[in-house]
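What follows is the content of input.cif, which has mmCIF, C-alpha atoms and all ligand atoms:
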data_protein
#
loop_
_atom_site.label_atom_id
_atom_site.label_comp_id
_atom_site.auth_asym_id
_atom_site.auth_seq_id
_atom_site.Cartn_x
_atom_site.Cartn_y
_atom_site.Cartn_z
CA MET A 1 0.00 0.00 0.00
CA LYS A 2 1.53 3.29 -1.07
CA THR A 3 1.09 5.96 1.55
CA MET A 4 1.35 9.73 1.38
CA ASN A 5 5.09 9.82 1.84
CA GLY A 6 5.77 6.94 -0.49
CA VAL A 7 6.59 4.33 2.16
CA TYR A 8 4.89 0.97 1.91
CA ILE A 9 3.23 0.04 5.18
CA PHE A 10 0.48 -2.53 5.57
CA MET A 11 -0.56 -3.80 8.94
CA CYS A 12 -3.56 -5.09 10.76
CA LEU A 13 -4.97 -2.85 13.47
CA PHE A 14 -7.68 -4.94 15.08
CA CYS A 15 -10.29 -7.40 13.86
CA TYR A 16 -11.37 -6.07 10.50
CA VAL A 17 -9.70 -2.72 10.14
CA THR A 18 -6.57 -2.52 8.07
CA LYS A 19 -4.50 0.55 8.62
CA ILE A 20 -2.36 2.62 6.30
CA SER A 21 -0.10 5.02 8.13
CA ALA A 22 0.52 8.34 6.50
CA THR A 23 3.04 10.52 8.21
CA LEU A 24 3.11 13.80 6.29
CA PRO A 25 2.49 16.53 7.24
CA ASN A 26 0.32 15.74 10.27
CA LEU A 27 0.05 12.58 12.29
CA PHE A 28 -3.30 11.64 10.85
CA LYS A 29 -3.92 8.04 9.85
CA ILE A 30 -6.03 6.78 7.00
CA SER A 31 -7.56 3.31 7.42
CA MET A 32 -9.81 1.08 5.38
CA VAL A 33 -12.79 -0.80 6.67
CA SER A 34 -12.10 -4.38 5.63
CA SER A 35 -14.39 -7.20 4.75
CA GLU A 36 -15.39 -9.43 7.62
CA THR A 37 -14.62 -12.60 5.76
CA ASN A 38 -11.29 -11.42 4.37
CA PRO A 39 -9.54 -9.00 6.75
CA THR A 40 -6.62 -8.48 4.40
CA ARG A 41 -8.81 -6.94 1.72
CA PRO A 42 -11.10 -3.95 2.03
CA ALA A 43 -14.79 -4.43 1.42
CA THR A 44 -15.57 -2.28 -1.60
CA TYR A 45 -18.86 -0.90 -2.86
CA ALA A 46 -19.82 0.20 -6.36
CA HIS A 47 -20.90 3.62 -5.14
CA GLY A 48 -20.72 4.15 -1.38
CA GLU A 49 -22.62 7.25 -0.23
CA SER A 50 -24.48 8.91 2.63
CA PRO A 51 -22.46 7.71 5.64
CA ILE A 52 -24.18 8.49 8.94
CA TRP A 53 -23.11 7.58 12.43
CA ASP A 54 -25.77 6.18 14.76
CA PRO A 55 -24.64 6.82 18.35
CA SER A 56 -27.40 4.66 19.84
CA THR A 57 -26.15 1.50 18.14
CA GLN A 58 -22.52 2.61 17.63
CA SER A 59 -22.75 1.80 13.97
CA LEU A 60 -22.31 3.44 10.61
CA TYR A 61 -25.07 3.39 8.04
CA PHE A 62 -24.28 4.04 4.39
CA VAL A 63 -25.75 3.18 1.00
CA ASP A 64 -24.48 1.58 -2.18
CA VAL A 65 -26.43 3.66 -4.66
CA HIS A 66 -26.94 1.54 -7.76
CA GLN A 67 -26.76 -1.78 -5.92
CA GLN A 68 -29.84 -0.45 -4.07
CA ASN A 69 -28.43 -1.42 -0.70
CA VAL A 70 -28.43 0.16 2.73
CA HIS A 71 -25.53 -1.15 4.84
CA ARG A 72 -24.97 -1.07 8.57
CA LEU A 73 -21.41 -1.45 9.87
CA GLU A 74 -21.24 -2.39 13.54
CA TYR A 75 -18.23 -0.50 14.87
CA ALA A 76 -17.09 -2.90 17.59
CA THR A 77 -17.21 -6.09 15.53
CA GLY A 78 -16.82 -4.90 11.93
CA ARG A 79 -19.94 -6.86 11.02
CA ILE A 80 -21.77 -5.46 8.01
CA GLN A 81 -25.49 -6.04 7.56
CA THR A 82 -27.27 -5.27 4.30
CA LYS A 83 -30.83 -4.28 3.48
CA HIS A 84 -31.55 -4.63 -0.22
CA ILE A 85 -34.16 -2.34 -1.74
CA SER A 86 -35.38 -3.25 -5.19
CA TYR A 87 -37.13 0.03 -6.07
CA GLY A 88 -34.27 1.84 -7.83
CA GLN A 89 -31.18 3.77 -6.75
CA VAL A 90 -30.78 4.61 -3.08
CA ASN A 91 -28.85 7.80 -2.40
CA VAL A 92 -29.67 8.77 1.15
CA VAL A 93 -30.11 7.14 4.55
CA ALA A 94 -30.88 9.28 7.63
CA LEU A 95 -31.89 8.84 11.27
CA ILE A 96 -35.33 9.70 12.68
CA ALA A 97 -35.69 11.12 16.21
CA GLY A 98 -37.14 8.56 18.63
CA SER A 99 -37.64 5.91 15.97
CA LYS A 100 -35.96 2.66 15.06
CA ARG A 101 -36.95 3.25 11.46
CA LEU A 102 -34.67 5.00 8.98
CA LEU A 103 -35.44 7.66 6.40
CA VAL A 104 -34.25 6.62 2.93
CA ALA A 105 -34.35 8.23 -0.50
CA VAL A 106 -35.12 5.77 -3.28
CA ARG A 107 -35.12 7.31 -6.78
CA SER A 108 -37.13 10.54 -6.31
CA ALA A 109 -39.10 9.53 -3.21
CA LEU A 110 -38.59 9.51 0.55
CA TYR A 111 -39.60 6.43 2.49
CA LEU A 112 -39.44 5.18 6.03
CA LEU A 113 -37.50 1.92 6.16
CA ASP A 114 -38.02 -0.73 8.80
CA TRP A 115 -34.89 -2.88 9.07
CA GLU A 116 -36.75 -5.75 10.72
CA ILE A 117 -39.45 -6.17 8.07
CA THR A 118 -38.59 -8.20 4.97
CA GLY A 119 -39.57 -7.36 1.41
CA ASP A 120 -41.49 -4.37 0.09
CA ALA A 121 -43.48 -3.97 3.29
CA ALA A 122 -40.32 -2.55 4.91
CA LEU A 123 -40.82 0.66 2.90
CA ARG A 124 -43.47 3.27 3.77
CA LEU A 125 -43.79 6.06 1.18
CA LEU A 126 -43.68 9.59 2.61
CA THR A 127 -43.46 11.85 -0.41
CA THR A 128 -42.14 12.29 -3.94
CA PHE A 129 -39.97 15.09 -5.38
CA ASP A 130 -39.70 16.50 -8.91
CA GLN A 131 -42.98 15.01 -10.12
CA GLY A 132 -43.19 14.93 -13.89
CA MET A 133 -39.40 14.51 -14.14
CA PRO A 134 -39.06 10.72 -14.12
CA ASP A 135 -35.28 10.65 -14.55
CA ASN A 136 -34.55 12.91 -11.58
CA VAL A 137 -33.41 11.36 -8.31
CA ILE A 138 -32.96 12.60 -4.77
CA ASN A 139 -29.20 12.96 -4.36
CA GLU A 140 -28.52 14.18 -0.82
CA GLY A 141 -30.48 15.12 2.31
CA ARG A 142 -29.99 16.26 5.89
CA ALA A 143 -32.16 17.32 8.85
CA ASP A 144 -31.92 20.83 10.31
CA ALA A 145 -31.94 21.58 14.04
CA GLU A 146 -35.74 21.85 14.02
CA GLY A 147 -36.02 18.36 12.53
CA ARG A 148 -37.08 19.50 9.06
CA PHE A 149 -35.52 17.39 6.32
CA TRP A 150 -33.73 19.21 3.50
CA ALA A 151 -33.09 17.17 0.38
CA GLY A 152 -32.08 18.01 -3.15
CA THR A 153 -32.34 16.29 -6.46
CA LYS A 154 -30.13 15.66 -9.47
CA GLY A 155 -31.20 15.89 -13.11
CA PRO A 156 -31.08 13.10 -15.72
CA GLN A 157 -27.67 11.40 -15.81
CA THR A 158 -25.77 9.59 -18.57
CA GLY A 159 -22.45 8.12 -17.43
CA ASP A 160 -20.82 10.84 -15.35
CA ASP A 161 -22.76 13.64 -17.10
CA VAL A 162 -25.84 15.26 -15.58
CA VAL A 163 -28.20 17.58 -17.47
CA PRO A 164 -27.75 20.99 -15.78
CA ASP A 165 -30.40 23.11 -14.07
CA LYS A 166 -33.10 20.43 -13.89
CA ALA A 167 -33.09 19.87 -10.14
CA SER A 168 -34.18 21.55 -6.88
CA LEU A 169 -33.52 21.71 -3.17
CA TYR A 170 -36.58 20.96 -1.02
CA ARG A 171 -37.63 21.21 2.61
CA VAL A 172 -39.89 18.58 4.18
CA GLU A 173 -41.57 18.95 7.56
CA GLN A 174 -43.98 16.67 9.31
CA GLU A 175 -46.93 19.10 9.27
CA SER A 176 -46.94 19.15 5.46
CA PHE A 177 -44.75 16.21 4.53
CA THR A 178 -46.69 15.24 1.42
CA GLN A 179 -45.89 18.66 -0.09
CA PRO A 180 -42.13 19.26 -0.14
CA ARG A 181 -41.40 22.96 -0.45
CA VAL A 182 -38.95 24.21 -3.11
CA MET A 183 -36.17 26.19 -1.41
CA LEU A 184 -33.78 26.62 -4.33
CA ARG A 185 -34.31 26.16 -8.08
CA PRO A 186 -32.70 25.49 -10.42
CA VAL A 187 -29.76 23.44 -9.25
CA SER A 188 -27.92 20.70 -11.14
CA ILE A 189 -26.64 18.16 -8.59
CA SER A 190 -27.91 19.14 -5.16
CA ASN A 191 -25.30 17.84 -2.78
CA GLY A 192 -23.63 18.49 0.60
CA LEU A 193 -25.57 20.57 3.08
CA VAL A 194 -24.81 21.35 6.71
CA TRP A 195 -25.63 24.14 9.16
CA SER A 196 -23.16 26.28 11.10
CA LEU A 197 -22.92 25.49 14.82
CA ASN A 198 -24.87 28.64 15.72
CA ASN A 199 -27.51 27.61 13.19
CA SER A 200 -27.49 30.91 11.32
CA VAL A 201 -25.76 29.72 8.14
CA LEU A 202 -26.51 26.89 5.72
CA TYR A 203 -23.47 25.64 3.81
CA TYR A 204 -24.48 24.16 0.50
CA ILE A 205 -23.00 22.45 -2.56
CA ASP A 206 -24.44 22.29 -6.07
CA SER A 207 -21.64 20.05 -7.37
CA PRO A 208 -21.03 21.33 -10.94
CA THR A 209 -20.48 24.88 -9.64
CA GLN A 210 -17.32 23.52 -7.92
CA LYS A 211 -18.20 25.84 -5.04
CA ILE A 212 -18.96 25.51 -1.38
CA GLU A 213 -21.57 28.20 -0.85
CA ALA A 214 -23.35 29.71 2.14
CA PHE A 215 -26.76 31.20 2.85
CA ASP A 216 -28.01 33.11 5.84
CA PHE A 217 -30.45 30.75 7.54
CA ASP A 218 -33.52 31.78 9.49
CA SER A 219 -33.92 28.76 11.73
CA VAL A 220 -37.40 29.69 12.97
CA ARG A 221 -38.90 30.11 9.52
CA GLY A 222 -36.50 27.78 7.73
CA GLU A 223 -35.73 30.35 5.03
CA LEU A 224 -32.55 31.02 3.02
CA THR A 225 -31.14 34.40 1.94
CA ALA A 226 -27.84 36.02 0.89
CA ARG A 227 -26.21 33.30 -1.20
CA ARG A 228 -22.41 33.65 -1.42
CA THR A 229 -19.31 31.60 -2.19
CA ILE A 230 -17.08 30.29 0.61
CA VAL A 231 -14.54 28.38 -1.50
CA ASP A 232 -14.26 27.63 -5.23
CA ILE A 233 -12.24 24.39 -5.38
CA SER A 234 -11.04 25.15 -8.92
CA ASN A 235 -8.88 27.89 -7.36
CA TYR A 236 -7.04 25.27 -5.28
CA GLY A 237 -5.85 22.91 -8.01
CA TYR A 238 -9.00 20.77 -8.10
CA GLU A 239 -10.16 21.86 -11.57
CA ASP A 240 -11.21 18.32 -12.48
CA ALA A 241 -13.04 17.55 -9.23
CA ILE A 242 -16.50 18.42 -7.91
CA PRO A 243 -17.46 18.84 -4.26
CA ASP A 244 -19.85 16.12 -3.06
CA GLY A 245 -20.85 15.24 0.55
CA MET A 246 -19.96 17.58 3.43
CA THR A 247 -19.92 17.63 7.23
CA ILE A 248 -18.95 20.03 10.02
CA ASP A 249 -16.65 19.67 13.02
CA TYR A 250 -16.81 21.04 16.59
CA LYS A 251 -14.89 24.16 15.52
CA GLY A 252 -17.43 24.93 12.80
CA HIS A 253 -15.01 23.91 10.05
CA LEU A 254 -16.22 22.06 6.95
CA TRP A 255 -14.99 18.68 5.67
CA ILE A 256 -15.82 18.05 2.03
CA ALA A 257 -15.53 14.97 -0.21
CA LEU A 258 -14.03 15.77 -3.62
CA MET A 259 -15.48 13.46 -6.26
CA PHE A 260 -12.89 12.76 -9.00
CA GLY A 261 -10.38 14.55 -6.76
CA GLY A 262 -9.29 11.73 -4.40
CA THR A 263 -9.35 14.20 -1.55
CA VAL A 264 -11.18 15.25 1.59
CA LEU A 265 -10.91 19.01 1.92
CA HIS A 266 -10.83 20.75 5.32
CA VAL A 267 -12.11 24.32 5.01
CA ASP A 268 -12.45 27.15 7.53
CA PRO A 269 -15.61 28.89 6.30
CA ASP A 270 -15.02 32.07 8.30
CA THR A 271 -11.60 32.78 6.76
CA ARG A 272 -12.67 31.10 3.48
CA GLN A 273 -9.38 29.19 3.48
CA VAL A 274 -8.54 25.59 2.69
CA VAL A 275 -6.82 24.25 5.82
CA TYR A 276 -5.72 20.92 4.36
CA GLY A 277 -6.45 18.37 1.64
CA TYR A 278 -6.36 14.74 2.81
CA LYS A 279 -5.36 12.42 -0.04
CA ILE A 280 -7.52 9.30 -0.24
CA PRO A 281 -6.24 6.31 -2.28
CA ALA A 282 -9.39 6.37 -4.46
CA SER A 283 -10.39 9.17 -6.83
CA ARG A 284 -14.17 8.93 -6.43
CA VAL A 285 -14.59 10.29 -2.92
CA THR A 286 -18.31 10.68 -2.33
CA SER A 287 -19.06 11.68 1.26
CA VAL A 288 -17.83 12.08 4.82
CA CYS A 289 -19.18 11.87 8.37
CA TRP A 290 -17.73 11.87 11.88
CA GLY A 291 -18.18 8.68 13.86
CA GLY A 292 -16.66 6.31 16.36
CA PRO A 293 -17.23 6.32 20.13
CA ASN A 294 -15.63 9.79 20.46
CA LEU A 295 -16.89 11.16 17.12
CA ASP A 296 -13.25 11.74 16.17
CA GLU A 297 -12.93 9.41 13.20
CA LEU A 298 -13.89 10.78 9.83
CA PHE A 299 -15.58 8.08 7.76
CA VAL A 300 -15.11 8.53 4.03
CA THR A 301 -17.15 6.73 1.37
CA THR A 302 -15.82 6.16 -2.15
CA GLY A 303 -16.99 4.56 -5.38
CA ARG A 304 -15.66 2.35 -8.14
CA ASP A 305 -18.54 2.75 -10.63
CA ARG A 306 -17.26 3.17 -14.21
CA LEU A 307 -13.62 2.70 -13.15
CA GLU A 308 -11.22 0.17 -14.59
CA SER A 309 -10.82 -2.04 -11.50
CA THR A 310 -7.08 -2.54 -11.89
CA LEU A 311 -6.41 1.23 -11.84
CA GLU A 312 -7.61 1.80 -8.31
CA PRO A 313 -7.74 -1.38 -6.23
CA LEU A 314 -9.10 0.46 -3.20
CA ALA A 315 -11.85 2.35 -5.05
CA GLY A 316 -15.19 1.76 -3.36
CA ALA A 317 -13.71 1.13 0.09
CA ILE A 318 -14.88 2.92 3.22
CA PHE A 319 -11.97 4.77 4.81
CA THR A 320 -11.54 6.43 8.17
CA ILE A 321 -9.21 9.32 8.91
CA ARG A 322 -8.08 9.43 12.55
CA ASP A 323 -6.02 11.87 14.58
CA THR A 324 -6.94 14.90 12.51
CA GLY A 325 -7.10 16.91 15.72
CA SER A 326 -10.79 17.46 15.17
CA ARG A 327 -14.08 15.73 15.90
CA GLY A 328 -17.72 15.99 14.95
CA VAL A 329 -20.87 17.18 16.65
CA GLN A 330 -24.13 15.34 17.28
CA PRO A 331 -26.05 15.37 13.99
CA ASN A 332 -29.62 16.65 13.69
CA LEU A 333 -32.38 14.07 13.38
CA PHE A 334 -35.49 14.11 11.19
CA LYS A 335 -38.57 14.78 13.30
CA PHE A 336 -41.52 12.56 12.40
CA ASP A 337 -43.59 11.68 15.45
CA ASN A 338 -44.88 8.13 15.61
CA ALA A 339 -42.71 7.10 12.68
CA ASP A 340 -42.76 3.51 13.96
CA LEU A 341 -46.53 3.42 13.48
CA TYR A 342 -46.76 5.23 10.13
C1 LIG B 1 -22.54 32.15 13.24
O1 LIG B 1 -21.51 31.32 12.72
C2 LIG B 1 -21.04 31.70 11.45
C3 LIG B 1 -20.08 30.63 10.99
O2 LIG B 1 -19.04 30.45 11.91
C4 LIG B 1 -20.42 33.09 11.52
O3 LIG B 1 -19.99 33.47 10.23
C5 LIG B 1 -21.47 34.05 12.03
O4 LIG B 1 -20.87 35.31 12.21
C6 LIG B 1 -22.06 33.59 13.35
N1 LIG B 1 -23.17 34.46 13.71
C7 LIG B 1 -23.28 34.99 14.91
C8 LIG B 1 -24.49 35.85 15.13
O5 LIG B 1 -22.47 34.80 15.81
#

Here is a file; write its structure as structure tokens.
Ligand SMILES: *[C@@H]1O[C@H](CO)[C@@H](O)[C@H](O)[C@H]1NC(C)=O
Amino acid sequence: MKTMNGVYIFMCLFCYVTKISATLPNLFKISMVSSETNPTRPATYAHGESPIWDPSTQSLYFVDVHQQNVHRLEYATGRIQTKHISYGQVNVVALIAGSKRLLVAVRSALYLLDWEITGDAALRLLTTFDQGMPDNVINEGRADAEGRFWAGTKGPQTGDDVVPDKASLYRVEQESFTQPRVMLRPVSISNGLVWSLNNSVLYYIDSPTQKIEAFDFDSVRGELTARRTIVDISNYGYEDAIPDGMTIDYKGHLWIALMFGGTVLHVDPDTRQVVYGYKIPASRVTSVCWGGPNLDELFVTTGRDRLESTLEPLAGAIFTIRDTGSRGVQPNLFKFDNADLY
């Protein structure tokens, strides 16, 4: 395994996690989550996405988009469970406050998913986005502090190309959940979204813009104003990459997956500076989230869709970055009372 500084190190950490040590310039460590049955090889996914840490079960949920799978990685044992959904691509999995059910986006609809129920009955349809646009899909979603769920779509896609300006960002709240409200239109690939720690700013990514943007956020009314650019990644040598999933740390800094860029970018949004770019040994870096018992491991999902497999043997693995000197905050949960009975 070739590490950042060119030294080959390959060792087993514990159970199912294989660790690559990278020593420049910080003391951070990048690891791969390995397959249970074969600890010397990473488990890889065609298109890993939407990692979320569930503190109550100490596990990581994520999806494999085109395989239509939701996966659950149990942190302590490395065991991976899979829930297959045969309704089309699955881009988002999210936690619901006070419920054992999950919120999932399948094609252009949001459903509640019950892990314990087999077959189609596990899915309970909540609402559908972009009606009349059958090739659009929900691409990314996140709850705000009030428990409203914000999710955006992506236009029709062929290979890696997406038709621009066909998608929207929506807001869903329990009182009116069958009628998602358009918050931003048009967008092309609605992606990473996260709120500042004081809840007065929404950071947002429409991937093809190559920008991390910000809005003033009125948390009571749930409204957006004053759109502006925080960082344009094409100014930092990432001309060929697009920003994808994003999370925030306890300092209010942003951590952004760079699709096609093989990098996780650490950005200070107040100074509008890139603090550091963490090189990941896979070019298709899709999303990030903080997890682990102390919320100080950054989980990174990647993909191997449309890649020649021999070019990037680790493409599609789930990585963790440890010892970055940072950690996450408790994520917001979608509020949907009595979700278990819906
Ligand atoms: C809230 O946090 C953002 C991001 O750190 C900052 O730009 C803004 O000034 C803060 N607002 C207040 C009222 O402190």

Produce a table with one row for each residue of chain A that has an atom at most 8 Å from any atom of ligand LIG 1 (chain B), each row naming the nearest atom pair and its distance in Å at one decimal; use all atoms listed in the file; arrange rows by chain and rising residue number; format as a tab-separated table.
residue	atom	partner	partner_atom	distance
A:Ser196	CA	B:LIG1	C3	5.3
A:Leu197	CA	B:LIG1	O1	6.4
A:Asn198	CA	B:LIG1	C1	4.9
A:Asn199	CA	B:LIG1	C1	6.7
A:Ser200	CA	B:LIG1	C1	5.5
A:Val201	CA	B:LIG1	C2	6.1
A:Gly252	CA	B:LIG1	O2	5.8
A:His253	CA	B:LIG1	O2	7.9
A:Pro269	CA	B:LIG1	C3	6.7
A:Asp270	CA	B:LIG1	O3	5.5

Point to revise | Residue neighbourhood A:Thr286, 9 Å, all atoms listed in the file, exclusion window fewer than 5 positions, as an NGL selection string | key: :A and (47-50 or 243-245 or 256-260 or 300-303)

Revision key, fill the gap. One decimal place gives the atom CA of A:Asp130-atom CA of A:Asp216 separation as 25.1 Å

**Study point:** Which of A:Arg306, A:Glu213, A:Pro156, A:Ser176 sits closest to A:Ser188 [using all atoms listed in the file]
**Key:**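 Checking each candidate against A:Ser188, we get A:Pro156 as the closest.
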
Exercise for review: Taking the point (-37.5, 5.7, 11.8) as given in the file, collect each protein or nucleic acid residue that comes within 8 Å of it, counting only C-alpha atoms, and present the set as a PyMOL selection string.
Suggested key: chain A and resi 95-103+112-114+336+339-340
